[in-house]
>>> print(open('protein.tsv').read())   # TSV, C-alpha atoms
chain	number	residue	atom	x	y	z
A	1	MET	CA	76.92	86.23	106.06
A	2	SER	CA	76.18	88.07	109.32
A	3	VAL	CA	76.28	84.87	111.37
A	4	THR	CA	79.63	83.86	109.85
A	5	ASN	CA	81.03	87.36	110.43
A	6	LYS	CA	79.87	87.25	114.05
A	7	GLN	CA	81.64	83.90	114.52
A	8	ILE	CA	84.84	85.36	113.06
A	9	ILE	CA	84.72	88.28	115.51
A	10	GLU	CA	84.26	85.85	118.39
A	11	LYS	CA	87.45	84.06	117.21
A	12	VAL	CA	89.28	87.38	116.83
A	13	ASN	CA	88.28	88.44	120.36
A	14	ALA	CA	89.58	85.11	121.68
A	15	ALA	CA	92.88	85.79	119.87
A	16	PHE	CA	93.08	89.24	121.48
A	17	ALA	CA	92.55	87.67	124.91
A	18	ARG	CA	95.57	85.41	124.21
A	19	ASN	CA	97.59	88.33	122.80
A	20	ASP	CA	97.77	86.35	119.53
A	21	THR	CA	98.39	88.98	116.85
A	22	GLU	CA	98.93	86.56	113.97
A	23	THR	CA	95.63	84.72	114.47
A	24	PHE	CA	93.84	88.08	114.61
A	25	LEU	CA	95.55	89.25	111.41
A	26	SER	CA	94.79	85.98	109.61
A	27	TYR	CA	91.15	87.11	109.48
A	28	CYS	CA	92.02	90.55	108.04
A	29	THR	CA	92.62	91.91	104.56
A	30	ASP	CA	96.18	93.03	103.79
A	31	GLU	CA	94.90	96.63	103.68
A	32	PHE	CA	93.11	96.32	107.04
A	33	THR	CA	92.66	99.69	108.78
A	34	TRP	CA	92.23	100.10	112.54
A	35	THR	CA	91.10	103.47	113.83
A	36	MET	CA	91.06	104.09	117.56
A	37	VAL	CA	88.80	107.10	117.67
A	38	GLY	CA	90.87	110.11	118.66
A	39	GLY	CA	94.09	108.58	117.31
A	40	LYS	CA	95.83	108.12	113.99
A	41	PRO	CA	94.54	105.15	111.91
A	42	LEU	CA	96.81	102.13	111.55
A	43	LYS	CA	96.83	100.91	107.94
A	44	GLY	CA	98.00	97.51	106.79
A	45	LYS	CA	99.15	94.40	108.63
A	46	PRO	CA	102.75	95.62	109.11
A	47	ALA	CA	101.52	98.73	110.96
A	48	ILE	CA	99.24	96.61	113.16
A	49	ARG	CA	102.09	94.21	113.98
A	50	GLU	CA	104.41	97.11	114.86
A	51	TRP	CA	101.81	98.80	117.09
A	52	MET	CA	100.87	95.56	118.86
A	53	ALA	CA	104.54	94.68	119.43
A	54	SER	CA	105.01	98.05	121.18
A	55	ALA	CA	101.98	97.48	123.45
A	56	PRO	CA	102.42	96.19	126.99
A	57	PRO	CA	102.98	92.42	127.06
A	58	GLU	CA	99.86	91.87	129.17
A	59	PRO	CA	96.78	92.31	126.97
A	60	PRO	CA	93.71	94.09	128.33
A	61	LYS	CA	91.27	91.86	130.16
A	62	PHE	CA	87.84	92.26	128.62
A	63	THR	CA	84.32	91.00	128.60
A	64	VAL	CA	81.98	91.08	125.64
A	65	ASP	CA	78.47	92.06	126.64
A	66	ALA	CA	76.90	91.94	123.16
A	67	VAL	CA	77.82	91.16	119.57
A	68	VAL	CA	75.45	92.35	116.86
A	69	ALA	CA	75.87	91.50	113.19
A	70	ASP	CA	74.16	93.11	110.20
A	71	GLY	CA	75.40	92.63	106.66
A	72	ASP	CA	79.08	93.53	106.41
A	73	PHE	CA	79.20	95.00	109.94
A	74	VAL	CA	79.67	93.45	113.37
A	75	THR	CA	79.57	95.51	116.55
A	76	ALA	CA	80.93	94.28	119.87
A	77	VAL	CA	80.31	96.12	123.15
A	78	GLY	CA	81.79	95.41	126.55
A	79	ASP	CA	84.11	96.36	129.38
A	80	MET	CA	87.83	95.97	129.81
A	81	THR	CA	90.61	96.75	132.22
A	82	MET	CA	94.17	97.71	131.42
A	83	ASN	CA	97.17	97.74	133.70
A	84	GLU	CA	98.55	101.27	133.55
A	85	ASN	CA	101.73	101.70	135.59
A	86	GLY	CA	100.62	99.14	138.15
A	87	THR	CA	97.05	100.44	138.41
A	88	VAL	CA	94.10	98.54	136.95
A	89	VAL	CA	92.02	101.06	134.99
A	90	PRO	CA	88.45	100.24	133.83
A	91	TYR	CA	87.11	101.12	130.38
A	92	THR	CA	84.02	100.52	128.29
A	93	TYR	CA	84.52	99.86	124.59
A	94	CYS	CA	82.63	99.52	121.34
A	95	ASP	CA	84.27	97.89	118.32
A	96	VAL	CA	82.69	98.33	114.90
A	97	TRP	CA	84.10	95.82	112.41
A	98	ARG	CA	83.55	96.05	108.63
A	99	PHE	CA	83.99	93.03	106.40
A	100	SER	CA	84.94	92.81	102.76
A	101	GLY	CA	83.94	89.36	101.60
A	102	ASP	CA	85.10	86.89	104.23
A	103	ARG	CA	87.87	89.13	105.65
A	104	ILE	CA	87.88	92.03	108.09
A	105	ALA	CA	88.69	95.25	106.22
A	106	GLU	CA	88.27	97.83	108.96
A	107	LEU	CA	87.92	98.25	112.71
A	108	LYS	CA	86.78	101.42	114.42
A	109	THR	CA	87.30	101.31	118.19
A	110	PHE	CA	85.68	103.61	120.73
A	111	VAL	CA	87.18	103.37	124.24
A	112	ILE	CA	86.02	105.40	127.25
A	113	LYS	CA	87.63	105.36	130.69
A	114	THR	CA	85.00	104.60	133.32
A	115	ASP	CA	84.70	104.64	137.08
A	116	ARG	CA	83.28	101.16	137.51
A	117	ALA	CA	83.19	101.38	141.32
A	118	SER	CA	80.97	104.45	141.17
A	119	SER	CA	78.64	102.98	138.56
A	120	GLU	CA	78.32	99.72	140.53
A	121	THR	CA	77.48	101.71	143.66
A	122	SER	CA	74.90	103.72	141.75
A	123	VAL	CA	73.25	100.59	140.37
A	124	ALA	CA	73.17	99.02	143.84
A	125	ALA	CA	71.60	102.18	145.28
A	126	LEU	CA	68.92	102.21	142.57
A	127	SER	CA	67.97	98.59	143.17
A	128	THR	CA	67.34	99.01	146.91
>>> encode(input="protein.tsv", output="C-alpha cells")
Amino acid sequence: MSVTNKQIIEKVNAAFARNDTETFLSYCTDEFTWTMVGGKPLKGKPAIREWMASAPPEPPKFTVDAVVADGDFVTAVGDMTMNENGTVVPYTYCDVWRFSGDRIAELKTFVIKTDRASSETSVAALST
C-alpha cells in the first residue's frame, strides 16, 4: 500500500501546483483534517474549499526533495516560495499525510520561513 499511497501524494502535489482544489479533495475522505502546525485544524472538505478559496490566487511554487512512504503514512519534504505582498518569501516544509484505506484522512503541515540566500552562501563557503 505504501507505493500506491506515495503515487497518490505525487498526484496531489501536482494538483496543488495547478491550484486544483477539487482534484486534491478527490483523494481525501469526507472527514479529512488538515492541520498547519501552529494554526487551527481545518476539518472536512467544505472547510478546505473555503480556506483554499480565500488563499491568494497564485499557489506557492514548491519543489519536493523527498517522499517517504511507510504503511498508512507518507511524508514529503521540500522547499517552496510564496508571494507575500509582492515579495517572494522562501520556506521549507514537511507534509505528513495519513491514509485510511485508499483515501487521505489527515495532513499535518510544518512550514518554516527560511533565508535561502544565506543558506546557499553558507553551503558555497563550506564547499570551497
>>> closest_residue(input="protein.tsv", among="A:Trp34, A:Tyr93, A:Phe24, A:Phe16", to="Asp65 (chain A)", atoms="only C-alpha atoms")
A:Tyr93
>>> closest_residue(input="protein.tsv", among="A:Leu42, A:Val68, A:Ile48, A:Met36", to="Lys108 (chain A)", atoms="all atoms listed in the file")
A:Met36
>>> residues_around(input="protein.tsv", residues="Val64 (chain A)", least_positions_apart="6", cutoff="8 Å", atoms="all atoms listed in the file", output="MDAnalysis selection string")
chainID A and resid 76:79
>>> closest_residue(input="protein.tsv", among="A:Val67, A:Thr114, A:Thr92, A:Leu107", to="Glu10 (chain A)", atoms="only C-alpha atoms")
A:Val67
>>> closest_residue(input="protein.tsv", among="A:Val3, A:Gly44, A:Val37, A:Ile8", to="Thr23 (chain A)", atoms="all atoms listed in the file")
A:Ile8
>>> closest_residue(input="protein.tsv", among="A:Ala47, A:Phe62, A:Asp72, A:Ile9", to="Gly101 (chain A)", atoms="only C-alpha atoms")
A:Asp72
>>> closest_residue(input="protein.tsv", among="A:Glu50, A:Glu58, A:Asp20, A:Glu106", to="Val74 (chain A)", atoms="all atoms listed in the file")
A:Glu106
>>> atom_distance(input="protein.tsv", atom1="CA of Arg18 (chain A)", atom2="CA of Val88 (chain A)")
18.4 Å
>>> atom_distance(input="protein.tsv", atom1="CA of Thr75 (chain A)", atom2="CA of Pro46 (chain A)")
24.3 Å
>>> atom_distance(input="protein.tsv", atom1="CA of Ile104 (chain A)", atom2="CA of Lys61 (chain A)")
22.3 Å
>>> axis_aligned_box(input="protein.tsv", around="region 101-118 of chain A", padding_each_side="4 Å", output="JSON")
{"center_x": 84.8, "center_y": 96.1, "center_z": 121.5, "size_x": 15.7, "size_y": 26.5, "size_z": 47.7}
>>> residues_near_point(input="protein.tsv", point="(87.8, 92.0, 106.4)", cutoff="8 Å", atoms="all atoms listed in the file", output="PyMOL selection string")
chain A and resi 27-29+32+98-106
>>> write_last_selection(input="protein.tsv", atoms="C-alpha atoms", output="compact mmCIF listing (two decimals), keeping the file's coordinate frame")
# COMPACT_ATOMS: atom_id res chain seq x y z
CA TYR A 27 91.15 87.11 109.48
CA CYS A 28 92.02 90.55 108.04
CA THR A 29 92.62 91.91 104.56
CA PHE A 32 93.11 96.32 107.04
CA ARG A 98 83.55 96.05 108.63
CA PHE A 99 83.99 93.03 106.40
CA SER A 100 84.94 92.81 102.76
CA GLY A 101 83.94 89.36 101.60
CA ASP A 102 85.10 86.89 104.23
CA ARG A 103 87.87 89.13 105.65
CA ILE A 104 87.88 92.03 108.09
CA ALA A 105 88.69 95.25 106.22
CA GLU A 106 88.27 97.83 108.96
>>> residues_near_point(input="protein.tsv", point="(98.3, 94.2, 123.0)", cutoff="6 Å", atoms="only C-alpha atoms", output="list in words")
Asn19, Met52, Ala55 and Pro59 of chain A
>>> build_atoms(input="protein.tsv", residues="region 17-48 of chain A", atoms="N, CA and C atoms", output="PDB file, in the coordinates of the input")
ATOM      1  N   ALA A  17      92.429  88.080 123.504  1.00  0.00           N
ATOM      2  CA  ALA A  17      92.550  87.670 124.910  1.00  0.00           C
ATOM      3  C   ALA A  17      93.840  86.883 125.146  1.00  0.00           C
ATOM      4  N   ARG A  18      94.316  86.182 124.118  1.00  0.00           N
ATOM      5  CA  ARG A  18      95.570  85.410 124.210  1.00  0.00           C
ATOM      6  C   ARG A  18      96.780  86.227 123.763  1.00  0.00           C
ATOM      7  N   ASN A  19      96.538  87.473 123.348  1.00  0.00           N
ATOM      8  CA  ASN A  19      97.590  88.330 122.800  1.00  0.00           C
ATOM      9  C   ASN A  19      98.211  87.689 121.551  1.00  0.00           C
ATOM     10  N   ASP A  20      97.356  87.103 120.714  1.00  0.00           N
ATOM     11  CA  ASP A  20      97.770  86.350 119.530  1.00  0.00           C
ATOM     12  C   ASP A  20      97.534  87.190 118.273  1.00  0.00           C
ATOM     13  N   THR A  21      98.501  88.038 117.975  1.00  0.00           N
ATOM     14  CA  THR A  21      98.390  88.980 116.850  1.00  0.00           C
ATOM     15  C   THR A  21      98.219  88.268 115.517  1.00  0.00           C
ATOM     16  N   GLU A  22      98.968  87.207 115.282  1.00  0.00           N
ATOM     17  CA  GLU A  22      98.930  86.560 113.970  1.00  0.00           C
ATOM     18  C   GLU A  22      97.586  85.892 113.686  1.00  0.00           C
ATOM     19  N   THR A  23      96.968  85.290 114.701  1.00  0.00           N
ATOM     20  CA  THR A  23      95.630  84.720 114.470  1.00  0.00           C
ATOM     21  C   THR A  23      94.648  85.834 114.145  1.00  0.00           C
ATOM     22  N   PHE A  24      94.700  86.929 114.899  1.00  0.00           N
ATOM     23  CA  PHE A  24      93.840  88.080 114.610  1.00  0.00           C
ATOM     24  C   PHE A  24      94.030  88.535 113.165  1.00  0.00           C
ATOM     25  N   LEU A  25      95.282  88.737 112.757  1.00  0.00           N
ATOM     26  CA  LEU A  25      95.550  89.250 111.410  1.00  0.00           C
ATOM     27  C   LEU A  25      95.199  88.254 110.311  1.00  0.00           C
ATOM     28  N   SER A  26      95.144  86.968 110.628  1.00  0.00           N
ATOM     29  CA  SER A  26      94.790  85.980 109.610  1.00  0.00           C
ATOM     30  C   SER A  26      93.355  86.155 109.116  1.00  0.00           C
ATOM     31  N   TYR A  27      92.539  86.843 109.875  1.00  0.00           N
ATOM     32  CA  TYR A  27      91.150  87.110 109.480  1.00  0.00           C
ATOM     33  C   TYR A  27      90.990  88.448 108.760  1.00  0.00           C
ATOM     34  N   CYS A  28      92.084  89.189 108.591  1.00  0.00           N
ATOM     35  CA  CYS A  28      92.020  90.550 108.040  1.00  0.00           C
ATOM     36  C   CYS A  28      92.547  90.620 106.614  1.00  0.00           C
ATOM     37  N   THR A  29      92.065  91.621 105.878  1.00  0.00           N
ATOM     38  CA  THR A  29      92.620  91.910 104.560  1.00  0.00           C
ATOM     39  C   THR A  29      94.027  92.484 104.752  1.00  0.00           C
ATOM     40  N   ASP A  30      94.839  92.448 103.707  1.00  0.00           N
ATOM     41  CA  ASP A  30      96.180  93.030 103.790  1.00  0.00           C
ATOM     42  C   ASP A  30      96.125  94.536 104.019  1.00  0.00           C
ATOM     43  N   GLU A  31      95.053  95.175 103.552  1.00  0.00           N
ATOM     44  CA  GLU A  31      94.900  96.630 103.680  1.00  0.00           C
ATOM     45  C   GLU A  31      94.103  97.017 104.925  1.00  0.00           C
ATOM     46  N   PHE A  32      93.898  96.086 105.829  1.00  0.00           N
ATOM     47  CA  PHE A  32      93.110  96.320 107.040  1.00  0.00           C
ATOM     48  C   PHE A  32      93.485  97.647 107.694  1.00  0.00           C
ATOM     49  N   THR A  33      92.466  98.414 108.097  1.00  0.00           N
ATOM     50  CA  THR A  33      92.660  99.690 108.780  1.00  0.00           C
ATOM     51  C   THR A  33      91.994  99.650 110.142  1.00  0.00           C
ATOM     52  N   TRP A  34      92.745 100.053 111.167  1.00  0.00           N
ATOM     53  CA  TRP A  34      92.230 100.100 112.540  1.00  0.00           C
ATOM     54  C   TRP A  34      92.318 101.531 113.020  1.00  0.00           C
ATOM     55  N   THR A  35      91.159 102.109 113.314  1.00  0.00           N
ATOM     56  CA  THR A  35      91.100 103.470 113.830  1.00  0.00           C
ATOM     57  C   THR A  35      90.621 103.428 115.270  1.00  0.00           C
ATOM     58  N   MET A  36      91.469 103.885 116.182  1.00  0.00           N
ATOM     59  CA  MET A  36      91.060 104.090 117.560  1.00  0.00           C
ATOM     60  C   MET A  36      90.642 105.541 117.635  1.00  0.00           C
ATOM     61  N   VAL A  37      89.352 105.754 117.772  1.00  0.00           N
ATOM     62  CA  VAL A  37      88.800 107.100 117.670  1.00  0.00           C
ATOM     63  C   VAL A  37      89.578 108.057 118.570  1.00  0.00           C
ATOM     64  N   GLY A  38      90.048 109.140 117.964  1.00  0.00           N
ATOM     65  CA  GLY A  38      90.870 110.110 118.660  1.00  0.00           C
ATOM     66  C   GLY A  38      92.351 109.945 118.343  1.00  0.00           C
ATOM     67  N   GLY A  39      92.698 108.849 117.664  1.00  0.00           N
ATOM     68  CA  GLY A  39      94.090 108.580 117.310  1.00  0.00           C
ATOM     69  C   GLY A  39      94.264 108.447 115.809  1.00  0.00           C
ATOM     70  N   LYS A  40      95.498 108.273 115.407  1.00  0.00           N
ATOM     71  CA  LYS A  40      95.830 108.120 113.990  1.00  0.00           C
ATOM     72  C   LYS A  40      95.506 106.688 113.547  1.00  0.00           C
ATOM     73  N   PRO A  41      94.842 106.508 112.399  1.00  0.00           N
ATOM     74  CA  PRO A  41      94.540 105.150 111.910  1.00  0.00           C
ATOM     75  C   PRO A  41      95.815 104.361 111.626  1.00  0.00           C
ATOM     76  N   LEU A  42      95.742 103.063 111.916  1.00  0.00           N
ATOM     77  CA  LEU A  42      96.810 102.130 111.550  1.00  0.00           C
ATOM     78  C   LEU A  42      96.362 101.447 110.268  1.00  0.00           C
ATOM     79  N   LYS A  43      97.212 101.467 109.236  1.00  0.00           N
ATOM     80  CA  LYS A  43      96.830 100.910 107.940  1.00  0.00           C
ATOM     81  C   LYS A  43      97.783  99.814 107.525  1.00  0.00           C
ATOM     82  N   GLY A  44      97.219  98.643 107.258  1.00  0.00           N
ATOM     83  CA  GLY A  44      98.000  97.510 106.790  1.00  0.00           C
ATOM     84  C   GLY A  44      98.507  96.642 107.927  1.00  0.00           C
ATOM     85  N   LYS A  45      98.703  95.361 107.618  1.00  0.00           N
ATOM     86  CA  LYS A  45      99.150  94.400 108.630  1.00  0.00           C
ATOM     87  C   LYS A  45     100.497  94.759 109.253  1.00  0.00           C
ATOM     88  N   PRO A  46     101.478  95.253 108.476  1.00  0.00           N
ATOM     89  CA  PRO A  46     102.750  95.620 109.110  1.00  0.00           C
ATOM     90  C   PRO A  46     102.589  96.687 110.196  1.00  0.00           C
ATOM     91  N   ALA A  47     101.743  97.678 109.956  1.00  0.00           N
ATOM     92  CA  ALA A  47     101.520  98.730 110.960  1.00  0.00           C
ATOM     93  C   ALA A  47     100.846  98.172 112.207  1.00  0.00           C
ATOM     94  N   ILE A  48      99.917  97.231 112.022  1.00  0.00           N
ATOM     95  CA  ILE A  48      99.240  96.610 113.160  1.00  0.00           C
ATOM     96  C   ILE A  48     100.246  95.794 113.969  1.00  0.00           C
TER      97      ILE A  48
END
